[in-house]
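What follows is the content of entry18.pdb, which has PDB, C-alpha atoms and all ligand atoms:
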```
ATOM      1  CA  MET A 373     137.096 154.946 145.654  1.00  0.00           C
ATOM      2  CA  ARG A 374     136.203 152.436 148.332  1.00  0.00           C
ATOM      3  CA  LEU A 375     135.341 154.175 151.600  1.00  0.00           C
ATOM      4  CA  PRO A 376     137.037 151.649 153.944  1.00  0.00           C
ATOM      5  CA  GLU A 377     140.362 152.146 152.140  1.00  0.00           C
ATOM      6  CA  LEU A 378     140.410 155.916 152.780  1.00  0.00           C
ATOM      7  CA  THR A 379     141.403 157.934 155.871  1.00  0.00           C
ATOM      8  CA  TRP A 380     139.352 160.687 157.473  1.00  0.00           C
ATOM      9  CA  PRO A 381     141.550 163.405 155.945  1.00  0.00           C
ATOM     10  CA  ASP A 382     140.993 161.704 152.576  1.00  0.00           C
ATOM     11  CA  ILE A 383     137.258 161.994 153.169  1.00  0.00           C
ATOM     12  CA  ASN A 384     137.545 165.663 154.111  1.00  0.00           C
ATOM     13  CA  ALA A 385     139.442 166.343 150.886  1.00  0.00           C
ATOM     14  CA  LEU A 386     136.587 165.058 148.688  1.00  0.00           C
ATOM     15  CA  ASP A 387     134.256 167.404 146.840  1.00  0.00           C
ATOM     16  CA  ARG A 388     131.176 166.544 148.818  1.00  0.00           C
ATOM     17  CA  GLU A 389     128.921 168.685 146.614  1.00  0.00           C
ATOM     18  CA  ARG A 390     129.590 166.434 143.628  1.00  0.00           C
ATOM     19  CA  THR A 391     130.518 163.084 145.133  1.00  0.00           C
ATOM     20  CA  VAL A 392     127.873 160.395 144.849  1.00  0.00           C
ATOM     21  CA  VAL A 393     127.957 157.822 147.643  1.00  0.00           C
ATOM     22  CA  LEU A 394     127.114 154.428 146.173  1.00  0.00           C
ATOM     23  CA  ILE A 395     125.698 151.940 148.666  1.00  0.00           C
ATOM     24  CA  PRO A 396     125.465 148.358 147.416  1.00  0.00           C
ATOM     25  CA  THR A 397     122.714 146.347 149.092  1.00  0.00           C
ATOM     26  CA  GLY A 398     122.571 142.599 148.718  1.00  0.00           C
ATOM     27  CA  ALA A 399     121.555 139.436 150.486  1.00  0.00           C
ATOM     28  CA  VAL A 400     122.719 136.039 151.607  1.00  0.00           C
ATOM     29  CA  GLU A 401     119.826 133.896 150.504  1.00  0.00           C
ATOM     30  CA  GLN A 402     119.112 130.772 148.556  1.00  0.00           C
ATOM     31  CA  HIS A 403     119.408 130.977 144.771  1.00  0.00           C
ATOM     32  CA  GLY A 404     118.249 127.511 143.796  1.00  0.00           C
ATOM     33  CA  PRO A 405     120.506 124.450 143.690  1.00  0.00           C
ATOM     34  CA  TYR A 406     123.082 126.017 141.343  1.00  0.00           C
ATOM     35  CA  LEU A 407     123.839 129.656 142.318  1.00  0.00           C
ATOM     36  CA  PRO A 408     125.581 130.564 145.596  1.00  0.00           C
ATOM     37  CA  LEU A 409     123.843 132.192 148.547  1.00  0.00           C
ATOM     38  CA  GLY A 410     125.870 135.363 148.069  1.00  0.00           C
ATOM     39  CA  THR A 411     124.763 135.974 144.460  1.00  0.00           C
ATOM     40  CA  ASP A 412     122.979 139.295 145.082  1.00  0.00           C
ATOM     41  CA  THR A 413     125.805 140.595 147.279  1.00  0.00           C
ATOM     42  CA  PHE A 414     128.435 139.624 144.677  1.00  0.00           C
ATOM     43  CA  LEU A 415     126.571 141.289 141.795  1.00  0.00           C
ATOM     44  CA  ALA A 416     125.488 144.480 143.597  1.00  0.00           C
ATOM     45  CA  THR A 417     128.996 145.009 145.000  1.00  0.00           C
ATOM     46  CA  ALA A 418     130.673 144.380 141.650  1.00  0.00           C
ATOM     47  CA  ALA A 419     128.280 146.737 139.855  1.00  0.00           C
ATOM     48  CA  ALA A 420     128.833 149.562 142.364  1.00  0.00           C
ATOM     49  CA  GLU A 421     132.610 149.116 142.445  1.00  0.00           C
ATOM     50  CA  GLU A 422     133.004 148.844 138.671  1.00  0.00           C
ATOM     51  CA  ILE A 423     130.815 151.912 138.083  1.00  0.00           C
ATOM     52  CA  ALA A 424     132.851 153.834 140.669  1.00  0.00           C
ATOM     53  CA  ALA A 425     136.094 152.743 139.021  1.00  0.00           C
ATOM     54  CA  GLN A 426     134.929 154.427 135.783  1.00  0.00           C
ATOM     55  CA  ILE A 427     134.446 157.781 137.557  1.00  0.00           C
ATOM     56  CA  PRO A 428     136.729 157.764 140.627  1.00  0.00           C
ATOM     57  CA  ASP A 429     136.632 161.549 141.047  1.00  0.00           C
ATOM     58  CA  ILE A 430     132.880 161.602 141.747  1.00  0.00           C
ATOM     59  CA  ALA A 431     131.962 158.194 143.200  1.00  0.00           C
ATOM     60  CA  LEU A 432     132.586 156.743 146.650  1.00  0.00           C
ATOM     61  CA  VAL A 433     131.487 153.163 147.428  1.00  0.00           C
ATOM     62  CA  THR A 434     130.574 151.895 150.888  1.00  0.00           C
ATOM     63  CA  PRO A 435     130.801 148.217 151.832  1.00  0.00           C
ATOM     64  CA  CYS A 436     127.774 146.193 150.794  1.00  0.00           C
ATOM     65  CA  LEU A 437     124.898 145.884 153.243  1.00  0.00           C
ATOM     66  CA  TRP A 438     124.859 142.143 152.824  1.00  0.00           C
ATOM     67  CA  LEU A 439     122.245 141.176 155.414  1.00  0.00           C
ATOM     68  CA  GLY A 440     119.140 141.741 153.341  1.00  0.00           C
ATOM     69  CA  ALA A 441     115.418 141.358 153.907  1.00  0.00           C
ATOM     70  CA  SER A 442     114.954 137.760 152.850  1.00  0.00           C
ATOM     71  CA  LEU A 443     112.161 136.371 155.020  1.00  0.00           C
ATOM     72  CA  HIS A 444     110.414 135.005 151.895  1.00  0.00           C
ATOM     73  CA  HIS A 445     113.413 132.735 151.260  1.00  0.00           C
ATOM     74  CA  MET A 446     113.716 131.377 154.804  1.00  0.00           C
ATOM     75  CA  PRO A 447     112.227 127.952 153.957  1.00  0.00           C
ATOM     76  CA  PHE A 448     115.542 127.225 152.148  1.00  0.00           C
ATOM     77  CA  SER A 449     118.601 126.433 154.259  1.00  0.00           C
ATOM     78  CA  GLY A 450     121.472 128.857 154.592  1.00  0.00           C
ATOM     79  CA  THR A 451     119.338 131.947 153.989  1.00  0.00           C
ATOM     80  CA  LEU A 452     120.124 134.786 156.413  1.00  0.00           C
ATOM     81  CA  SER A 453     117.593 137.570 156.936  1.00  0.00           C
ATOM     82  CA  HIS A 454     117.323 140.869 158.742  1.00  0.00           C
ATOM     83  CA  SER A 455     113.960 141.971 160.048  1.00  0.00           C
ATOM     84  CA  PHE A 456     112.574 144.756 157.868  1.00  0.00           C
ATOM     85  CA  ALA A 457     113.103 147.210 160.735  1.00  0.00           C
ATOM     86  CA  GLY A 458     116.689 146.051 161.234  1.00  0.00           C
ATOM     87  CA  TYR A 459     117.486 146.349 157.538  1.00  0.00           C
ATOM     88  CA  GLU A 460     115.965 149.805 157.309  1.00  0.00           C
ATOM     89  CA  GLU A 461     117.876 150.940 160.392  1.00  0.00           C
ATOM     90  CA  ALA A 462     121.202 149.708 158.957  1.00  0.00           C
ATOM     91  CA  LEU A 463     120.605 151.586 155.699  1.00  0.00           C
ATOM     92  CA  THR A 464     119.393 154.690 157.522  1.00  0.00           C
ATOM     93  CA  ARG A 465     122.474 154.818 159.732  1.00  0.00           C
ATOM     94  CA  THR A 466     124.820 154.310 156.780  1.00  0.00           C
ATOM     95  CA  ILE A 467     123.323 157.266 154.910  1.00  0.00           C
ATOM     96  CA  GLN A 468     122.806 159.474 157.969  1.00  0.00           C
ATOM     97  CA  SER A 469     126.418 158.969 159.098  1.00  0.00           C
ATOM     98  CA  LEU A 470     127.753 160.288 155.810  1.00  0.00           C
ATOM     99  CA  ALA A 471     125.101 163.022 155.669  1.00  0.00           C
ATOM    100  CA  ASP A 472     126.456 164.133 159.066  1.00  0.00           C
ATOM    101  CA  HIS A 473     129.820 164.418 157.298  1.00  0.00           C
ATOM    102  CA  HIS A 474     128.274 166.709 154.680  1.00  0.00           C
ATOM    103  CA  PHE A 475     127.741 164.324 151.803  1.00  0.00           C
ATOM    104  CA  LEU A 476     124.590 165.202 149.869  1.00  0.00           C
ATOM    105  CA  LYS A 477     124.109 162.619 147.134  1.00  0.00           C
ATOM    106  CA  PHE A 478     123.377 158.950 147.831  1.00  0.00           C
ATOM    107  CA  MET A 479     122.491 156.185 145.403  1.00  0.00           C
ATOM    108  CA  VAL A 480     121.606 152.713 146.610  1.00  0.00           C
ATOM    109  CA  ILE A 481     122.656 150.065 144.099  1.00  0.00           C
ATOM    110  CA  ASN A 482     120.580 147.098 145.118  1.00  0.00           C
ATOM    111  CA  GLY A 483     120.872 143.493 143.996  1.00  0.00           C
ATOM    112  CA  HIS A 484     118.013 141.852 145.863  1.00  0.00           C
ATOM    113  CA  GLY A 485     114.280 142.059 145.212  1.00  0.00           C
ATOM    114  CA  GLY A 486     113.441 141.635 148.901  1.00  0.00           C
ATOM    115  CA  ASN A 487     115.192 144.921 149.709  1.00  0.00           C
ATOM    116  CA  VAL A 488     113.274 147.046 147.212  1.00  0.00           C
ATOM    117  CA  ASP A 489     110.325 148.037 149.405  1.00  0.00           C
ATOM    118  CA  SER A 490     112.557 148.784 152.402  1.00  0.00           C
ATOM    119  CA  ASN A 491     114.958 150.848 150.280  1.00  0.00           C
ATOM    120  CA  HIS A 492     112.088 153.066 149.137  1.00  0.00           C
ATOM    121  CA  ILE A 493     110.620 153.417 152.633  1.00  0.00           C
ATOM    122  CA  THR A 494     114.027 154.248 154.118  1.00  0.00           C
ATOM    123  CA  LEU A 495     114.894 156.868 151.516  1.00  0.00           C
ATOM    124  CA  ARG A 496     111.448 158.467 151.700  1.00  0.00           C
ATOM    125  CA  LYS A 497     111.806 158.830 155.481  1.00  0.00           C
ATOM    126  CA  LEU A 498     115.301 160.296 155.094  1.00  0.00           C
ATOM    127  CA  LYS A 499     114.105 162.719 152.406  1.00  0.00           C
ATOM    128  CA  TYR A 500     111.336 163.939 154.709  1.00  0.00           C
ATOM    129  CA  GLN A 501     113.790 164.452 157.560  1.00  0.00           C
ATOM    130  CA  ASN A 502     116.598 165.873 155.346  1.00  0.00           C
ATOM    131  CA  PRO A 503     114.989 167.633 152.353  1.00  0.00           C
ATOM    132  CA  THR A 504     118.319 168.821 150.937  1.00  0.00           C
ATOM    133  CA  LEU A 505     119.635 165.284 150.495  1.00  0.00           C
ATOM    134  CA  GLN A 506     119.511 163.851 146.978  1.00  0.00           C
ATOM    135  CA  LEU A 507     118.564 160.202 147.195  1.00  0.00           C
ATOM    136  CA  ALA A 508     118.109 157.448 144.637  1.00  0.00           C
ATOM    137  CA  ALA A 509     117.207 153.802 145.172  1.00  0.00           C
ATOM    138  CA  ALA A 510     118.295 151.931 142.051  1.00  0.00           C
ATOM    139  CA  ASN A 511     118.637 148.230 141.382  1.00  0.00           C
ATOM    140  CA  TYR A 512     121.695 147.315 139.306  1.00  0.00           C
ATOM    141  CA  PHE A 513     119.362 145.587 136.868  1.00  0.00           C
ATOM    142  CA  ASP A 514     117.436 148.869 136.371  1.00  0.00           C
ATOM    143  CA  PHE A 515     120.458 149.989 134.334  1.00  0.00           C
ATOM    144  CA  LEU A 516     119.764 147.340 131.683  1.00  0.00           C
ATOM    145  CA  ASP A 517     118.073 148.587 128.528  1.00  0.00           C
ATOM    146  CA  GLN A 518     114.962 146.545 127.804  1.00  0.00           C
ATOM    147  CA  SER A 519     116.168 146.260 124.212  1.00  0.00           C
ATOM    148  CA  VAL A 520     119.343 144.530 125.460  1.00  0.00           C
ATOM    149  CA  LEU A 521     117.300 142.128 127.583  1.00  0.00           C
ATOM    150  CA  ASP A 522     114.991 141.417 124.638  1.00  0.00           C
ATOM    151  CA  SER A 523     117.840 140.740 122.220  1.00  0.00           C
ATOM    152  CA  THR A 524     120.049 138.785 124.655  1.00  0.00           C
ATOM    153  CA  LEU A 525     117.673 136.490 126.526  1.00  0.00           C
ATOM    154  CA  ALA A 526     116.252 133.482 124.677  1.00  0.00           C
ATOM    155  CA  GLY A 527     113.552 132.488 127.165  1.00  0.00           C
ATOM    156  CA  PRO A 528     110.098 134.053 127.570  1.00  0.00           C
ATOM    157  CA  LEU A 529     111.071 136.059 130.689  1.00  0.00           C
ATOM    158  CA  LYS A 530     112.748 139.242 129.434  1.00  0.00           C
ATOM    159  CA  SER A 531     113.632 140.525 132.897  1.00  0.00           C
ATOM    160  CA  ILE A 532     115.627 139.598 136.010  1.00  0.00           C
ATOM    161  CA  ARG A 533     113.676 137.234 138.232  1.00  0.00           C
ATOM    162  CA  HIS A 534     115.531 134.907 140.597  1.00  0.00           C
ATOM    163  CA  ALA A 535     118.428 132.631 139.669  1.00  0.00           C
ATOM    164  CA  CYS A 536     116.964 132.991 136.166  1.00  0.00           C
ATOM    165  CA  GLU A 537     118.487 133.029 132.672  1.00  0.00           C
ATOM    166  CA  ALA A 538     119.782 136.579 133.225  1.00  0.00           C
ATOM    167  CA  GLU A 539     121.083 136.204 136.779  1.00  0.00           C
ATOM    168  CA  ALA A 540     122.698 132.831 136.123  1.00  0.00           C
ATOM    169  CA  SER A 541     124.338 134.305 132.994  1.00  0.00           C
ATOM    170  CA  LEU A 542     125.688 137.232 135.037  1.00  0.00           C
ATOM    171  CA  MET A 543     127.143 134.814 137.579  1.00  0.00           C
ATOM    172  CA  LEU A 544     128.695 132.687 134.812  1.00  0.00           C
ATOM    173  CA  HIS A 545     130.354 135.914 133.604  1.00  0.00           C
ATOM    174  CA  LYS A 546     131.498 137.211 137.006  1.00  0.00           C
ATOM    175  CA  HIS A 547     132.042 134.057 139.108  1.00  0.00           C
ATOM    176  CA  PRO A 548     131.964 130.964 136.864  1.00  0.00           C
ATOM    177  CA  GLN A 549     133.672 128.835 139.494  1.00  0.00           C
ATOM    178  CA  LEU A 550     130.704 129.348 141.857  1.00  0.00           C
ATOM    179  CA  VAL A 551     127.999 128.157 139.430  1.00  0.00           C
ATOM    180  CA  ARG A 552     126.978 124.482 139.620  1.00  0.00           C
ATOM    181  CA  VAL A 553     126.430 124.158 135.884  1.00  0.00           C
ATOM    182  CA  ASP A 554     125.286 120.539 136.098  1.00  0.00           C
ATOM    183  CA  SER A 555     122.402 121.573 138.373  1.00  0.00           C
ATOM    184  CA  LEU A 556     120.992 124.430 136.255  1.00  0.00           C
ATOM    185  CA  ARG A 557     117.226 123.992 135.901  1.00  0.00           C
ATOM    186  CA  ASP A 558     114.052 125.831 134.953  1.00  0.00           C
ATOM    187  CA  ASP A 559     111.639 126.523 137.795  1.00  0.00           C
ATOM    188  CA  GLY A 560     108.852 128.863 138.861  1.00  0.00           C
ATOM    189  CA  LEU A 561     105.131 128.334 139.417  1.00  0.00           C
ATOM    190  CA  ALA A 562     102.319 130.733 138.471  1.00  0.00           C
ATOM    191  CA  SER A 563      99.123 130.830 140.507  1.00  0.00           C
ATOM    192  CA  GLU A 564      95.951 129.630 138.780  1.00  0.00           C
ATOM    193  CA  PRO A 565      93.978 131.815 138.469  1.00  0.00           C
ATOM    194  CA  VAL A 566      96.464 134.703 138.505  1.00  0.00           C
ATOM    195  CA  ILE A 567      95.968 136.860 141.620  1.00  0.00           C
ATOM    196  CA  PRO A 568      97.237 140.458 141.271  1.00  0.00           C
ATOM    197  CA  GLY A 569      99.607 141.486 144.056  1.00  0.00           C
ATOM    198  CA  LEU A 570      99.936 138.011 145.567  1.00  0.00           C
ATOM    199  CA  ILE A 571     102.538 137.800 148.360  1.00  0.00           C
ATOM    200  CA  SER A 572     104.259 134.401 148.366  1.00  0.00           C
ATOM    201  CA  ASN A 573     107.136 132.621 149.999  1.00  0.00           C
ATOM    202  CA  PHE A 574     109.544 131.004 147.587  1.00  0.00           C
ATOM    203  CA  ASP A 575     108.676 127.458 148.608  1.00  0.00           C
ATOM    204  CA  GLU A 576     105.139 128.187 147.351  1.00  0.00           C
ATOM    205  CA  ILE A 577     106.097 129.491 143.907  1.00  0.00           C
ATOM    206  CA  THR A 578     109.074 127.253 143.072  1.00  0.00           C
ATOM    207  CA  GLU A 579     110.051 123.607 143.360  1.00  0.00           C
ATOM    208  CA  GLU A 580     113.725 124.157 144.225  1.00  0.00           C
ATOM    209  CA  GLY A 581     114.012 127.893 144.862  1.00  0.00           C
ATOM    210  CA  SER A 582     114.727 129.506 141.488  1.00  0.00           C
ATOM    211  CA  PHE A 583     112.366 131.369 139.156  1.00  0.00           C
ATOM    212  CA  GLY A 584     113.164 131.493 135.466  1.00  0.00           C
ATOM    213  CA  TYR A 585     114.893 129.639 132.652  1.00  0.00           C
ATOM    214  CA  ALA A 586     118.392 129.100 133.980  1.00  0.00           C
ATOM    215  CA  THR A 587     119.100 126.236 131.565  1.00  0.00           C
ATOM    216  CA  LEU A 588     119.418 128.938 128.890  1.00  0.00           C
ATOM    217  CA  ALA A 589     122.149 130.825 130.769  1.00  0.00           C
ATOM    218  CA  THR A 590     125.532 131.381 129.126  1.00  0.00           C
ATOM    219  CA  LEU A 591     128.693 133.268 129.996  1.00  0.00           C
ATOM    220  CA  GLU A 592     128.396 135.259 126.750  1.00  0.00           C
ATOM    221  CA  LYS A 593     124.905 136.506 127.620  1.00  0.00           C
ATOM    222  CA  GLY A 594     126.201 137.522 131.026  1.00  0.00           C
ATOM    223  CA  ALA A 595     129.025 139.550 129.465  1.00  0.00           C
ATOM    224  CA  THR A 596     126.578 141.387 127.199  1.00  0.00           C
ATOM    225  CA  LEU A 597     124.210 142.205 130.053  1.00  0.00           C
ATOM    226  CA  TRP A 598     127.054 143.269 132.344  1.00  0.00           C
ATOM    227  CA  GLN A 599     128.479 145.701 129.803  1.00  0.00           C
ATOM    228  CA  SER A 600     125.086 147.422 129.553  1.00  0.00           C
ATOM    229  CA  ILE A 601     124.768 147.570 133.352  1.00  0.00           C
ATOM    230  CA  ILE A 602     128.155 149.241 133.806  1.00  0.00           C
ATOM    231  CA  GLU A 603     127.791 151.650 130.876  1.00  0.00           C
ATOM    232  CA  ASN A 604     124.294 152.827 131.771  1.00  0.00           C
ATOM    233  CA  GLY A 605     124.998 152.804 135.502  1.00  0.00           C
ATOM    234  CA  THR A 606     128.059 154.996 135.003  1.00  0.00           C
ATOM    235  CA  GLU A 607     126.040 157.487 132.950  1.00  0.00           C
ATOM    236  CA  ALA A 608     123.323 157.549 135.624  1.00  0.00           C
ATOM    237  CA  VAL A 609     125.826 158.344 138.384  1.00  0.00           C
ATOM    238  CA  LYS A 610     127.437 161.062 136.239  1.00  0.00           C
ATOM    239  CA  ARG A 611     124.042 162.693 135.695  1.00  0.00           C
ATOM    240  CA  PHE A 612     123.249 162.443 139.402  1.00  0.00           C
ATOM    241  CA  SER A 613     126.570 164.055 140.319  1.00  0.00           C
ATOM    242  CA  GLY A 614     126.101 166.849 137.804  1.00  0.00           C
ATOM    243  CA  GLY A 615     122.782 167.855 139.286  1.00  0.00           C
ATOM    244  CA  TYR A 616     119.243 167.951 137.968  1.00  0.00           C
ATOM    245  CA  THR A 617     116.309 170.278 137.859  1.00  0.00           C
ATOM    246  CA  TYR A 618     112.640 169.542 137.472  1.00  0.00           C
ATOM    247  CA  LEU A 619     111.260 170.952 134.247  1.00  0.00           C
ATOM    248  CA  GLY A 620     107.609 171.947 134.117  1.00  0.00           C
ATOM    249  CA  ILE A 621     104.908 169.516 133.129  1.00  0.00           C
ATOM    250  CA  VAL A 622     106.179 166.505 131.191  1.00  0.00           C
TER     251      VAL A 622
HETATM  252 ZN    ZN A 701     119.383 137.191 143.126  1.00  0.00          ZN
END
```
Let me see the structure of the file written as structure tokens.
Amino acid sequence: MRLPELTWPDINALDRERTVVLIPTGAVEQHGPYLPLGTDTFLATAAAEEIAAQIPDIALVTPCLWLGASLHHMPFSGTLSHSFAGYEEALTRTIQSLADHHFLKFMVINGHGGNVDSNHITLRKLKYQNPTLQLAAANYFDFLDQSVLDSTLAGPLKSIRHACEAEASLMLHKHPQLVRVDSLRDDGLASEPVIPGLISNFDEITEEGSFGYATLATLEKGATLWQSIIENGTEAVKRFSGGYTYLGIV
């Protein structure tokens, strides 16, 4: 179910004990010379909506919060960025509004690395203020099994970076018409020596804005990765809806 397509009586008729509100969070930011600015918004929205379509009785999707925290991409034209405070306020108000309407379970499905810290800060503040809320801040790529990444990706980076082999493959699968295939390139610069925890803008760590081995991207790899995302994401939302308990010392 997509929230904007419902009426307020529709909302009141939902089982708000079980329903998981899925909140896609994305960005409009540069993705190198070959992927579109909306890549993270497209992928986070599609993941949330396709997961919800598998389990329409327990999942409600909000519109994507598309104005992400992307200050580290600002050197590249077309990037739009919230302030961190503005982003966190938008996410807080989205969740608090539906908490006021007696929803209890919220899962952020994020597509943009720059939002990760703010998603955690926002949900930790909300949890402190509303201890009965059940909150999860997931990235759609968290749903990928590492074994699938290892067996699917050919390059040395077996994870999602930025406009990389994995992300470019996902875009070839979901939006092939938006990928400038002739401009695919490998990019990404490591510091020498390696500095743990280094904070960098993307014009410092790339030549043209991407990080990874996008020349290895294929539509077929994207389809394989996407299937794992939707299958595992659907199972995660089902478990979240069903409830959980904490079991002793693990
Ligand atoms: Zn991205």
Can I get the residues of chain A within 6 Å of ligand ZN 701 (chain A), each with the closest pair of atoms and their distance in Å to one decimal, using all atoms listed in the file, sorted chain first then ascending number, as JSON lines?
```
{"residue": "A:Thr411", "atom": "CA", "partner": "A:ZN701", "partner_atom": "ZN", "distance": 5.7}
{"residue": "A:Asp412", "atom": "CA", "partner": "A:ZN701", "partner_atom": "ZN", "distance": 4.6}
{"residue": "A:His484", "atom": "CA", "partner": "A:ZN701", "partner_atom": "ZN", "distance": 5.6}
{"residue": "A:His534", "atom": "CA", "partner": "A:ZN701", "partner_atom": "ZN", "distance": 5.1}
{"residue": "A:Ala535", "atom": "CA", "partner": "A:ZN701", "partner_atom": "ZN", "distance": 5.8}
```
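If you count all atoms listed in the file and ignore residues fewer than 5 places along the chain from Asp514 (chain A), what sits within 10 Å of it is Ile481, Asn482, Gly483, Ser531, Ile532, Ile601, Asn604 and Gly605 of chain A.
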Mind dumping the selected residues with C-alpha atoms as a tab-separated table (two decimals), keeping the file's coordinate frame?
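As written to disk, out02.tsv reads:
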```
chain	number	residue	atom	x	y	z
A	481	ILE	CA	122.66	150.06	144.10
A	482	ASN	CA	120.58	147.10	145.12
A	483	GLY	CA	120.87	143.49	144.00
A	531	SER	CA	113.63	140.52	132.90
A	532	ILE	CA	115.63	139.60	136.01
A	601	ILE	CA	124.77	147.57	133.35
A	604	ASN	CA	124.29	152.83	131.77
A	605	GLY	CA	125.00	152.80	135.50
```
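Relative to CA of Thr464 (chain A), CA of Ile493 (chain A) is found at 10.1 Å.
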| message | Here's the selection I'm unsure about, the PyMOL selection byres (((chain A and resi 410) around 10) and not hetatm); applied to the file above, which residues does it give, as a list in words? | response |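 That selection, the PyMOL selection byres (((chain A and resi 410) around 10) and not hetatm), comes back as Gly398, Ala399, Val400, Glu401, Gln402, His403, Leu407, Pro408, Leu409, Thr411, Asp412, Thr413, Phe414, Leu415, Trp438, Thr451 and Leu550 of chain A.
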| task | Rank A:Pro528, A:Pro405, A:Pro565, A:Gly614 by their smallest atom-to-atom distance to Gly584 (chain A), using all atoms listed in the file, and report the top residue only. | result |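 Among A:Pro528, A:Pro405, A:Pro565, A:Gly614, it is A:Pro528 that comes nearest to Gly584 (chain A).
Run against this file, the PyMOL selection byres (((chain A and resi 562) around 12) and not hetatm) gives back A:Asp559, A:Gly560, A:Leu561, A:Ser563, A:Glu564, A:Pro565, A:Val566, A:Ile567, A:Pro568, A:Leu570, A:Ser572, A:Phe574, A:Glu576, A:Ile577, A:Thr578, A:Glu579, A:Phe583, A:Gly584.
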Write region 481-486 of chain A as a PDB file, in the frame of the given file, completed to all heavy atoms.
```pdb
ATOM      1  N   ILE A 481     122.588 150.965 145.253  1.00  0.00           N
ATOM      2  CA  ILE A 481     122.656 150.065 144.099  1.00  0.00           C
ATOM      3  C   ILE A 481     122.360 148.665 144.629  1.00  0.00           C
ATOM      4  O   ILE A 481     123.207 147.984 145.180  1.00  0.00           O
ATOM      5  CB  ILE A 481     124.013 150.155 143.382  1.00  0.00           C
ATOM      6  CG1 ILE A 481     124.179 151.585 142.839  1.00  0.00           C
ATOM      7  CG2 ILE A 481     124.111 149.118 142.261  1.00  0.00           C
ATOM      8  CD1 ILE A 481     125.351 151.804 141.935  1.00  0.00           C
ATOM      9  N   ASN A 482     121.110 148.299 144.479  1.00  0.00           N
ATOM     10  CA  ASN A 482     120.580 147.098 145.118  1.00  0.00           C
ATOM     11  C   ASN A 482     120.634 145.893 144.180  1.00  0.00           C
ATOM     12  O   ASN A 482     120.464 146.021 142.970  1.00  0.00           O
ATOM     13  CB  ASN A 482     119.121 147.367 145.522  1.00  0.00           C
ATOM     14  CG  ASN A 482     118.440 146.141 146.074  1.00  0.00           C
ATOM     15  OD1 ASN A 482     118.953 145.516 146.994  1.00  0.00           O
ATOM     16  ND2 ASN A 482     117.306 145.771 145.511  1.00  0.00           N
ATOM     17  N   GLY A 483     120.851 144.708 144.786  1.00  0.00           N
ATOM     18  CA  GLY A 483     120.872 143.493 143.996  1.00  0.00           C
ATOM     19  C   GLY A 483     119.810 142.483 144.370  1.00  0.00           C
ATOM     20  O   GLY A 483     119.785 141.382 143.824  1.00  0.00           O
ATOM     21  N   HIS A 484     118.912 142.857 145.287  1.00  0.00           N
ATOM     22  CA  HIS A 484     118.013 141.852 145.863  1.00  0.00           C
ATOM     23  C   HIS A 484     116.572 142.362 145.907  1.00  0.00           C
ATOM     24  O   HIS A 484     116.296 143.409 146.524  1.00  0.00           O
ATOM     25  CB  HIS A 484     118.508 141.526 147.280  1.00  0.00           C
ATOM     26  CG  HIS A 484     117.573 140.706 148.082  1.00  0.00           C
ATOM     27  ND1 HIS A 484     117.012 139.547 147.615  1.00  0.00           N
ATOM     28  CD2 HIS A 484     117.079 140.874 149.341  1.00  0.00           C
ATOM     29  CE1 HIS A 484     116.222 139.025 148.544  1.00  0.00           C
ATOM     30  NE2 HIS A 484     116.243 139.819 149.593  1.00  0.00           N
ATOM     31  N   GLY A 485     115.668 141.627 145.279  1.00  0.00           N
ATOM     32  CA  GLY A 485     114.280 142.059 145.212  1.00  0.00           C
ATOM     33  C   GLY A 485     113.647 142.293 146.575  1.00  0.00           C
ATOM     34  O   GLY A 485     112.830 143.198 146.748  1.00  0.00           O
ATOM     35  N   GLY A 486     114.036 141.498 147.570  1.00  0.00           N
ATOM     36  CA  GLY A 486     113.441 141.635 148.901  1.00  0.00           C
ATOM     37  C   GLY A 486     113.776 142.943 149.592  1.00  0.00           C
ATOM     38  O   GLY A 486     113.100 143.338 150.548  1.00  0.00           O
TER      39      GLY A 486
END
```
